[in-house]
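The block underneath contains the structure these notes are about, expressed in structure tokens.
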Amino acid sequence: MTGEIISVGTELLLGQIVNTDAAYAARGLADLGISVYYQVVVGDNRERLSTALEAAFSRSDLVILTGGLGPTGDDLTKEVTAEYFGLPLAEDPAIAGAIAARLARAGILCTAESAKQAMVPQGARVFPNQNGTAPGLAIRQDGRTAILLPGPPREMEPMFSSQIVPYLRSELDGTIRSHCIRLFGIGEAQLEQDLPAALFAASNPTLAPYAKNGEVELRVTARGQSPEQCEEAMRPVIGTIYEILGAYVYGVDVPNLQTVLVHELEERSMTIATAESLTGGLVSERITQVPGASAVFALGVCTYSDSMKAKVLGVAPTTLDAFGAVSRQTAGEMAHHVRELAGADIGVSTTGFAGPAGGTPEAPVGTVFVGIAGLGQTRIIRLGFDIRDVDARSQIRHLTALNVMAAVLRLLKKGDKA
């Protein structure tokens with residue numbers, strides 16, 4: 001099956017909002033093994049939308065349309081799609097009732113414009129909208145499938161994941177399974193160079209890398225007659241990835257680094273404390289995003305000034321005078337003292353120059369020191385980021401936080417093998 005995505009909305013063409021719907025749908029289709037060769041953005045115009053729909057079905061079996069399902073006169077997606085398939089529109093009583101009830105709860109009168117959203121093409125599959133008023137729709141005819149989704153991401157994304165993915169999976173021959181391998185510390189280019197080219201060339205299972213902000217995902221997807229057959233096909237591919245890149249893998253089918261770190265600490269009944277300068281509380285914030293982090297997160301201290309590093313954390317003034325706040329020595333003392341202060345198993349620290357000002361010839365902007373105290377040692381890691389774009393400061397802080405969590409995770413797992 002081949003798919004295409006049409007994003008509807010003049011505001012997308014004008015750059016007034018970012019088209020996150022298309023990216024979300026594309027990832028979801030890729031996970032299902034559905035190839036997407038075209039993405040189109042079209043404004044709120046009947047003729048141009050009709051032309052885009054005709055072109056899409058001339059080359060694809062499945063077309064996902066996002067946006068244009070609202071109550072206003074320029075919301076035309078449903079009407080144009082119904083015309084394309086030659087289907088009349090009729091009111092769906094269940095959807096009409098749901099819309100009226102939702103508006104009543106919000107103290108809003110249900111007008112004729114709002115009721116327009118309950119008009120459904122004859123024979124269409126309806127997907128209730130739990131986060132808005134416009135339902136999703138699926139129309140199948142002569143081997144062609146159109147799926148219409150609301151534009152707001154808070155409505156589109158949960159509908160796609162909870163309803164559209166199962167619907168599409170049921171329409172595919174056989175079954176599809178996939179695993180997401182998450183890696184940190186290696187770039188996409190290096191990853192593709194290190195892995196055998198045959199893995200990327202294979203059609204079943206397929207291997208697709210996705211570069212994220214500081215991380216890389218590898219999506220392994222297999223098609224088969226049963227889940228067991230899919231798993232059997234993926235097993236040697238995943239084994240090869242671990243054999244070559246295992247040092248960079250921090251998890252499979254896990255959401256992010258902080259979740260893995262919290263779970264690893266929980267399993268060991270260990271606690272962690274943070275002393276942050278450069279990152280300004282970002283490491284603490286990431287860790288406490290994870291439900292249940294209170295079991296492992298003991299304390300977070302943000303000491304930006306030298307005087308507070310000395311007064312709150314107990315960093316020796318002689319250390320600050322001799323080596324400066326951005327130094328191995330200061331990072332080490334920060335990590336050691338916050339661990340003692342919290343009575344935690346592990347203390348971590350960050351200090352560095354995020355720019356744009358600051359830095360020295362020996363430690364230019366982008367130089368960061370990370371301290372990790374605990375696990376029988378105090379380890380200092382020096383990082384260097386050569387980032388010069390307008391978002392450099394934010395990027396340095398973000399990447400430092402990821403490096404802190406990855407470093408602690410590696411030490412925990414190394415301790416298991418000792």
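Starting from 1 in every chain, residues are counted up; chains themselves are A, B, ... following the order of the structure tokens, and ligands are numbered from 1 as listed.
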Quick one: everything within 12 Å of Pro128 in chain A, counting only C-alpha atoms, minus sequence neighbours fewer than 5 positions away in the same chain. Send it as a tab-separated table (two decimals) with all heavy atoms, in the first residue's frame.
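Saved as out_8.tsv:
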chain	number	residue	atom	x	y	z
A	92	ASP	N	-25.26	12.61	10.94
A	92	ASP	CA	-25.09	11.45	11.81
A	92	ASP	C	-25.65	11.84	13.18
A	92	ASP	O	-25.06	12.68	13.87
A	92	ASP	CB	-23.61	11.07	11.90
A	92	ASP	CG	-23.37	9.82	12.72
A	92	ASP	OD1	-23.86	9.77	13.86
A	92	ASP	OD2	-22.68	8.92	12.24
A	94	ALA	N	-25.68	10.46	16.10
A	94	ALA	CA	-24.79	10.26	17.25
A	94	ALA	C	-23.75	11.37	17.33
A	94	ALA	O	-23.45	11.88	18.42
A	94	ALA	CB	-24.11	8.90	17.15
A	95	ILE	N	-23.18	11.73	16.18
A	95	ILE	CA	-22.18	12.81	16.16
A	95	ILE	C	-22.84	14.14	16.50
A	95	ILE	O	-22.29	14.95	17.26
A	95	ILE	CB	-21.49	12.88	14.79
A	95	ILE	CG1	-20.69	11.60	14.54
A	95	ILE	CG2	-20.58	14.09	14.71
A	95	ILE	CD1	-19.60	11.32	15.54
A	96	ALA	N	-24.05	14.38	15.97
A	96	ALA	CA	-24.75	15.62	16.26
A	96	ALA	C	-25.01	15.75	17.76
A	96	ALA	O	-24.83	16.83	18.35
A	96	ALA	CB	-26.07	15.68	15.49
A	97	GLY	N	-25.42	14.65	18.39
A	97	GLY	CA	-25.66	14.68	19.83
A	97	GLY	C	-24.40	14.92	20.62
A	97	GLY	O	-24.40	15.66	21.61
A	98	ALA	N	-23.29	14.30	20.19
A	98	ALA	CA	-22.02	14.47	20.89
A	98	ALA	C	-21.52	15.91	20.79
A	98	ALA	O	-21.01	16.47	21.76
A	98	ALA	CB	-20.98	13.51	20.32
A	99	ILE	N	-21.70	16.52	19.61
A	99	ILE	CA	-21.28	17.90	19.42
A	99	ILE	C	-22.10	18.84	20.30
A	99	ILE	O	-21.57	19.72	20.99
A	99	ILE	CB	-21.39	18.31	17.93
A	99	ILE	CG1	-20.36	17.56	17.09
A	99	ILE	CG2	-21.23	19.82	17.77
A	99	ILE	CD1	-20.52	17.76	15.60
A	117	GLN	N	-20.60	19.96	11.28
A	117	GLN	CA	-19.57	18.95	11.51
A	117	GLN	C	-20.16	17.55	11.68
A	117	GLN	O	-19.42	16.56	11.65
A	117	GLN	CB	-18.73	19.33	12.73
A	117	GLN	CG	-17.94	20.60	12.52
A	117	GLN	CD	-17.21	21.05	13.78
A	117	GLN	OE1	-16.01	20.91	13.89
A	117	GLN	NE2	-17.97	21.58	14.73
A	118	ALA	N	-21.48	17.46	11.89
A	118	ALA	CA	-22.13	16.15	12.03
A	118	ALA	C	-22.57	15.59	10.68
A	118	ALA	O	-23.09	14.47	10.63
A	118	ALA	CB	-23.34	16.26	12.96
A	133	THR	N	-14.78	18.69	18.36
A	133	THR	CA	-16.12	18.45	17.82
A	133	THR	C	-16.12	17.77	16.46
A	133	THR	O	-17.06	17.07	16.13
A	133	THR	CB	-16.88	19.78	17.70
A	133	THR	OG1	-16.08	20.74	16.99
A	133	THR	CG2	-17.21	20.34	19.08
A	134	ALA	N	-15.09	17.97	15.64
A	134	ALA	CA	-15.09	17.39	14.29
A	134	ALA	C	-14.64	15.93	14.34
A	134	ALA	O	-13.52	15.63	14.75
A	134	ALA	CB	-14.16	18.18	13.37
A	135	PRO	N	-15.49	14.98	13.90
A	135	PRO	CA	-15.08	13.57	13.90
A	135	PRO	C	-14.12	13.28	12.76
A	135	PRO	O	-14.06	14.03	11.78
A	135	PRO	CB	-16.40	12.83	13.70
A	135	PRO	CG	-17.23	13.78	12.88
A	135	PRO	CD	-16.86	15.15	13.38
A	136	GLY	N	-13.37	12.20	12.88
A	136	GLY	CA	-12.58	11.71	11.77
A	136	GLY	C	-13.44	10.82	10.89
A	136	GLY	O	-14.48	10.30	11.33
A	137	LEU	N	-13.02	10.63	9.65
A	137	LEU	CA	-13.81	9.85	8.70
A	137	LEU	C	-12.90	8.99	7.84
A	137	LEU	O	-11.76	9.37	7.56
A	137	LEU	CB	-14.62	10.78	7.78
A	137	LEU	CG	-15.61	11.74	8.45
A	137	LEU	CD1	-16.05	12.80	7.46
A	137	LEU	CD2	-16.80	10.97	8.99
A	138	ALA	N	-13.40	7.84	7.41
A	138	ALA	CA	-12.71	7.00	6.44
A	138	ALA	C	-13.70	6.63	5.34
A	138	ALA	O	-14.82	6.20	5.63
A	138	ALA	CB	-12.15	5.74	7.10
A	148	LEU	N	-9.97	11.29	6.73
A	148	LEU	CA	-10.06	12.71	7.04
A	148	LEU	C	-9.90	12.90	8.55
A	148	LEU	O	-10.62	12.27	9.34
A	148	LEU	CB	-11.41	13.28	6.59
A	148	LEU	CG	-11.64	13.49	5.09
A	148	LEU	CD1	-11.55	12.18	4.30
A	148	LEU	CD2	-13.00	14.14	4.84
A	149	LEU	N	-8.98	13.78	8.93
A	149	LEU	CA	-8.67	14.00	10.34
A	149	LEU	C	-8.73	15.48	10.68
A	149	LEU	O	-8.39	16.33	9.83
A	149	LEU	CB	-7.27	13.47	10.66
A	149	LEU	CG	-7.04	11.97	10.44
A	149	LEU	CD1	-5.56	11.65	10.57
A	149	LEU	CD2	-7.84	11.18	11.45
A	150	PRO	N	-9.15	15.82	11.90
A	150	PRO	CA	-9.14	17.23	12.32
A	150	PRO	C	-7.73	17.79	12.32
A	150	PRO	O	-6.76	17.05	12.52
A	150	PRO	CB	-9.75	17.19	13.72
A	150	PRO	CG	-9.54	15.79	14.19
A	150	PRO	CD	-9.60	14.92	12.98
A	155	GLU	N	-6.15	17.16	18.75
A	155	GLU	CA	-7.25	16.30	18.33
A	155	GLU	C	-6.77	15.23	17.35
A	155	GLU	O	-7.17	14.07	17.44
A	155	GLU	CB	-8.35	17.14	17.67
A	155	GLU	CG	-8.95	18.21	18.56
A	155	GLU	CD	-9.97	19.07	17.84
A	155	GLU	OE1	-10.64	18.55	16.90
A	155	GLU	OE2	-10.11	20.26	18.19
A	156	MET	N	-5.90	15.63	16.43
A	156	MET	CA	-5.46	14.72	15.38
A	156	MET	C	-4.59	13.59	15.92
A	156	MET	O	-4.78	12.41	15.56
A	156	MET	CB	-4.70	15.51	14.31
A	156	MET	CG	-4.14	14.69	13.17
A	156	MET	SD	-2.46	14.07	13.54
A	156	MET	CE	-2.09	13.26	12.00
A	158	PRO	N	-4.09	12.03	19.03
A	158	PRO	CA	-4.70	10.89	19.73
A	158	PRO	C	-5.66	10.10	18.86
A	158	PRO	O	-5.77	8.88	18.99
A	158	PRO	CB	-5.41	11.53	20.92
A	158	PRO	CG	-5.53	12.97	20.59
A	158	PRO	CD	-4.39	13.31	19.68
A	159	MET	N	-6.38	10.77	17.95
A	159	MET	CA	-7.27	10.05	17.05
A	159	MET	C	-6.49	9.13	16.12
A	159	MET	O	-6.86	7.98	15.89
A	159	MET	CB	-8.12	11.04	16.23
A	159	MET	CG	-9.13	10.35	15.31
A	159	MET	SD	-10.08	11.53	14.32
A	159	MET	CE	-11.04	12.35	15.59
A	160	PHE	N	-5.38	9.62	15.61
A	160	PHE	CA	-4.57	8.82	14.70
A	160	PHE	C	-4.01	7.59	15.40
A	160	PHE	O	-4.10	6.47	14.90
A	160	PHE	CB	-3.43	9.66	14.13
A	160	PHE	CG	-2.66	8.98	13.02
A	160	PHE	CD1	-3.02	9.16	11.70
A	160	PHE	CD2	-1.60	8.13	13.30
A	160	PHE	CE1	-2.33	8.52	10.68
A	160	PHE	CE2	-0.90	7.48	12.30
A	160	PHE	CZ	-1.27	7.68	10.98
A	162	SER	N	-4.90	6.13	18.36
A	162	SER	CA	-5.82	5.19	19.02
A	162	SER	C	-6.86	4.59	18.09
A	162	SER	O	-7.39	3.50	18.36
A	162	SER	CB	-6.53	5.90	20.18
A	162	SER	OG	-7.38	6.93	19.71
A	163	GLN	N	-7.17	5.27	16.98
A	163	GLN	CA	-8.24	4.78	16.10
A	163	GLN	C	-7.79	4.50	14.67
A	163	GLN	O	-8.16	3.48	14.09
A	163	GLN	CB	-9.39	5.80	16.08
A	163	GLN	CG	-10.02	6.03	17.44
A	163	GLN	CD	-11.23	6.94	17.37
A	163	GLN	OE1	-12.29	6.55	16.87
A	163	GLN	NE2	-11.08	8.17	17.84
A	164	ILE	N	-7.00	5.39	14.10
A	164	ILE	CA	-6.63	5.22	12.69
A	164	ILE	C	-5.61	4.10	12.52
A	164	ILE	O	-5.72	3.28	11.59
A	164	ILE	CB	-6.08	6.54	12.10
A	164	ILE	CG1	-7.11	7.66	12.28
A	164	ILE	CG2	-5.74	6.36	10.64
A	164	ILE	CD1	-8.48	7.36	11.71
Compile the contact shell of range 345-350 of chain A as a compact mmCIF listing (two decimals) with N, CA, C and O atoms, in the first residue's frame: residues with an atom at most 8 Å away, counting only C-alpha atoms, same-chain residues fewer than 2 positions apart removed.
# COMPACT_ATOMS: atom_id res chain seq x y z
N MET A 270 18.06 3.12 44.20
CA MET A 270 19.06 4.17 44.35
C MET A 270 18.42 5.54 44.12
O MET A 270 17.40 5.67 43.44
N THR A 271 19.05 6.55 44.71
CA THR A 271 18.57 7.92 44.55
C THR A 271 19.64 8.80 43.91
O THR A 271 20.83 8.49 43.96
N ILE A 272 19.18 9.91 43.33
CA ILE A 272 20.08 10.82 42.63
C ILE A 272 19.76 12.25 43.04
O ILE A 272 18.62 12.59 43.34
N ALA A 273 20.78 13.10 43.07
CA ALA A 273 20.64 14.53 43.37
C ALA A 273 21.41 15.31 42.33
O ALA A 273 22.43 14.84 41.81
N THR A 274 20.95 16.52 42.02
CA THR A 274 21.58 17.32 40.97
C THR A 274 22.01 18.67 41.50
O THR A 274 21.32 19.30 42.30
N ALA A 275 23.18 19.12 41.04
CA ALA A 275 23.68 20.47 41.30
C ALA A 275 23.96 21.09 39.94
O ALA A 275 24.91 20.70 39.26
N GLU A 276 23.12 22.04 39.54
CA GLU A 276 23.20 22.56 38.17
C GLU A 276 23.56 24.04 38.14
O GLU A 276 23.00 24.84 38.88
N SER A 277 24.49 24.35 37.26
CA SER A 277 24.79 25.74 36.97
C SER A 277 24.40 26.01 35.53
O SER A 277 23.37 26.61 35.24
N LEU A 278 25.15 25.48 34.59
CA LEU A 278 24.90 25.70 33.16
C LEU A 278 23.48 25.35 32.76
O LEU A 278 22.82 26.11 32.04
N THR A 279 22.98 24.20 33.19
CA THR A 279 21.68 23.72 32.74
C THR A 279 20.51 24.34 33.49
O THR A 279 19.36 24.14 33.10
N ALA A 331 33.29 21.16 39.17
CA ALA A 331 32.26 20.17 38.84
C ALA A 331 32.32 18.99 39.80
O ALA A 331 31.28 18.49 40.26
N GLY A 332 33.54 18.56 40.14
CA GLY A 332 33.69 17.44 41.05
C GLY A 332 33.17 17.76 42.44
O GLY A 332 32.48 16.94 43.06
N MET A 334 30.98 20.08 43.26
CA MET A 334 29.52 20.26 43.21
C MET A 334 28.81 18.91 43.30
O MET A 334 27.84 18.75 44.06
N ALA A 335 29.27 17.95 42.52
CA ALA A 335 28.63 16.63 42.52
C ALA A 335 28.79 15.94 43.87
O ALA A 335 27.84 15.35 44.40
N HIS A 336 29.99 16.04 44.43
CA HIS A 336 30.27 15.39 45.72
C HIS A 336 29.41 15.98 46.83
O HIS A 336 28.81 15.25 47.63
N HIS A 337 29.34 17.32 46.88
CA HIS A 337 28.65 17.96 48.00
C HIS A 337 27.14 17.83 47.88
O HIS A 337 26.45 17.72 48.90
N VAL A 338 26.58 17.86 46.65
CA VAL A 338 25.12 17.71 46.54
C VAL A 338 24.71 16.29 46.91
O VAL A 338 23.64 16.06 47.48
N ARG A 339 25.58 15.34 46.62
CA ARG A 339 25.30 13.96 47.04
C ARG A 339 25.26 13.86 48.56
O ARG A 339 24.36 13.25 49.14
N GLY A 343 22.06 13.11 50.87
CA GLY A 343 22.14 11.74 51.32
C GLY A 343 21.77 10.77 50.21
O GLY A 343 21.19 9.71 50.45
N GLY A 352 29.53 25.20 32.96
CA GLY A 352 30.14 25.43 31.64
C GLY A 352 29.81 26.79 31.08
O GLY A 352 29.20 27.64 31.75
N VAL A 368 31.88 22.32 28.62
CA VAL A 368 31.02 21.92 29.74
C VAL A 368 31.74 20.85 30.55
O VAL A 368 32.38 19.95 29.98
N PHE A 369 31.63 20.94 31.86
CA PHE A 369 32.12 19.89 32.74
C PHE A 369 30.94 19.28 33.48
O PHE A 369 30.11 20.00 34.05
N VAL A 370 30.88 17.96 33.45
CA VAL A 370 29.84 17.20 34.16
C VAL A 370 30.51 16.38 35.24
O VAL A 370 31.49 15.67 34.98
N GLY A 371 30.02 16.49 36.45
CA GLY A 371 30.55 15.70 37.55
C GLY A 371 29.55 14.63 37.96
O GLY A 371 28.34 14.89 38.01
N ILE A 372 30.04 13.43 38.24
CA ILE A 372 29.20 12.34 38.74
C ILE A 372 29.90 11.73 39.95
O ILE A 372 31.00 11.17 39.82
N ALA A 373 29.28 11.86 41.12
CA ALA A 373 29.85 11.32 42.35
C ALA A 373 28.97 10.18 42.84
O ALA A 373 27.74 10.31 42.89
N GLY A 374 29.59 9.07 43.16
CA GLY A 374 28.85 7.91 43.61
C GLY A 374 29.31 6.67 42.87
O GLY A 374 30.20 6.73 42.01
N LEU A 375 28.72 5.54 43.18
CA LEU A 375 29.10 4.28 42.54
C LEU A 375 30.59 4.00 42.77
O LEU A 375 31.27 3.45 41.90
N THR A 400 23.68 18.96 26.98
CA THR A 400 24.34 18.65 28.26
C THR A 400 23.44 17.80 29.14
O THR A 400 23.88 16.81 29.74
N VAL A 404 24.33 14.09 30.60
CA VAL A 404 24.35 13.75 32.02
C VAL A 404 23.58 12.45 32.26
O VAL A 404 24.08 11.52 32.91
Residue with smallest distance to Gly151 in chain A - pool A:Ser50, A:Leu191, A:Ala25, A:Leu14, counting only C-alpha atoms: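 Of all the options, A:Ala25 lies closest to Gly151 in chain A.
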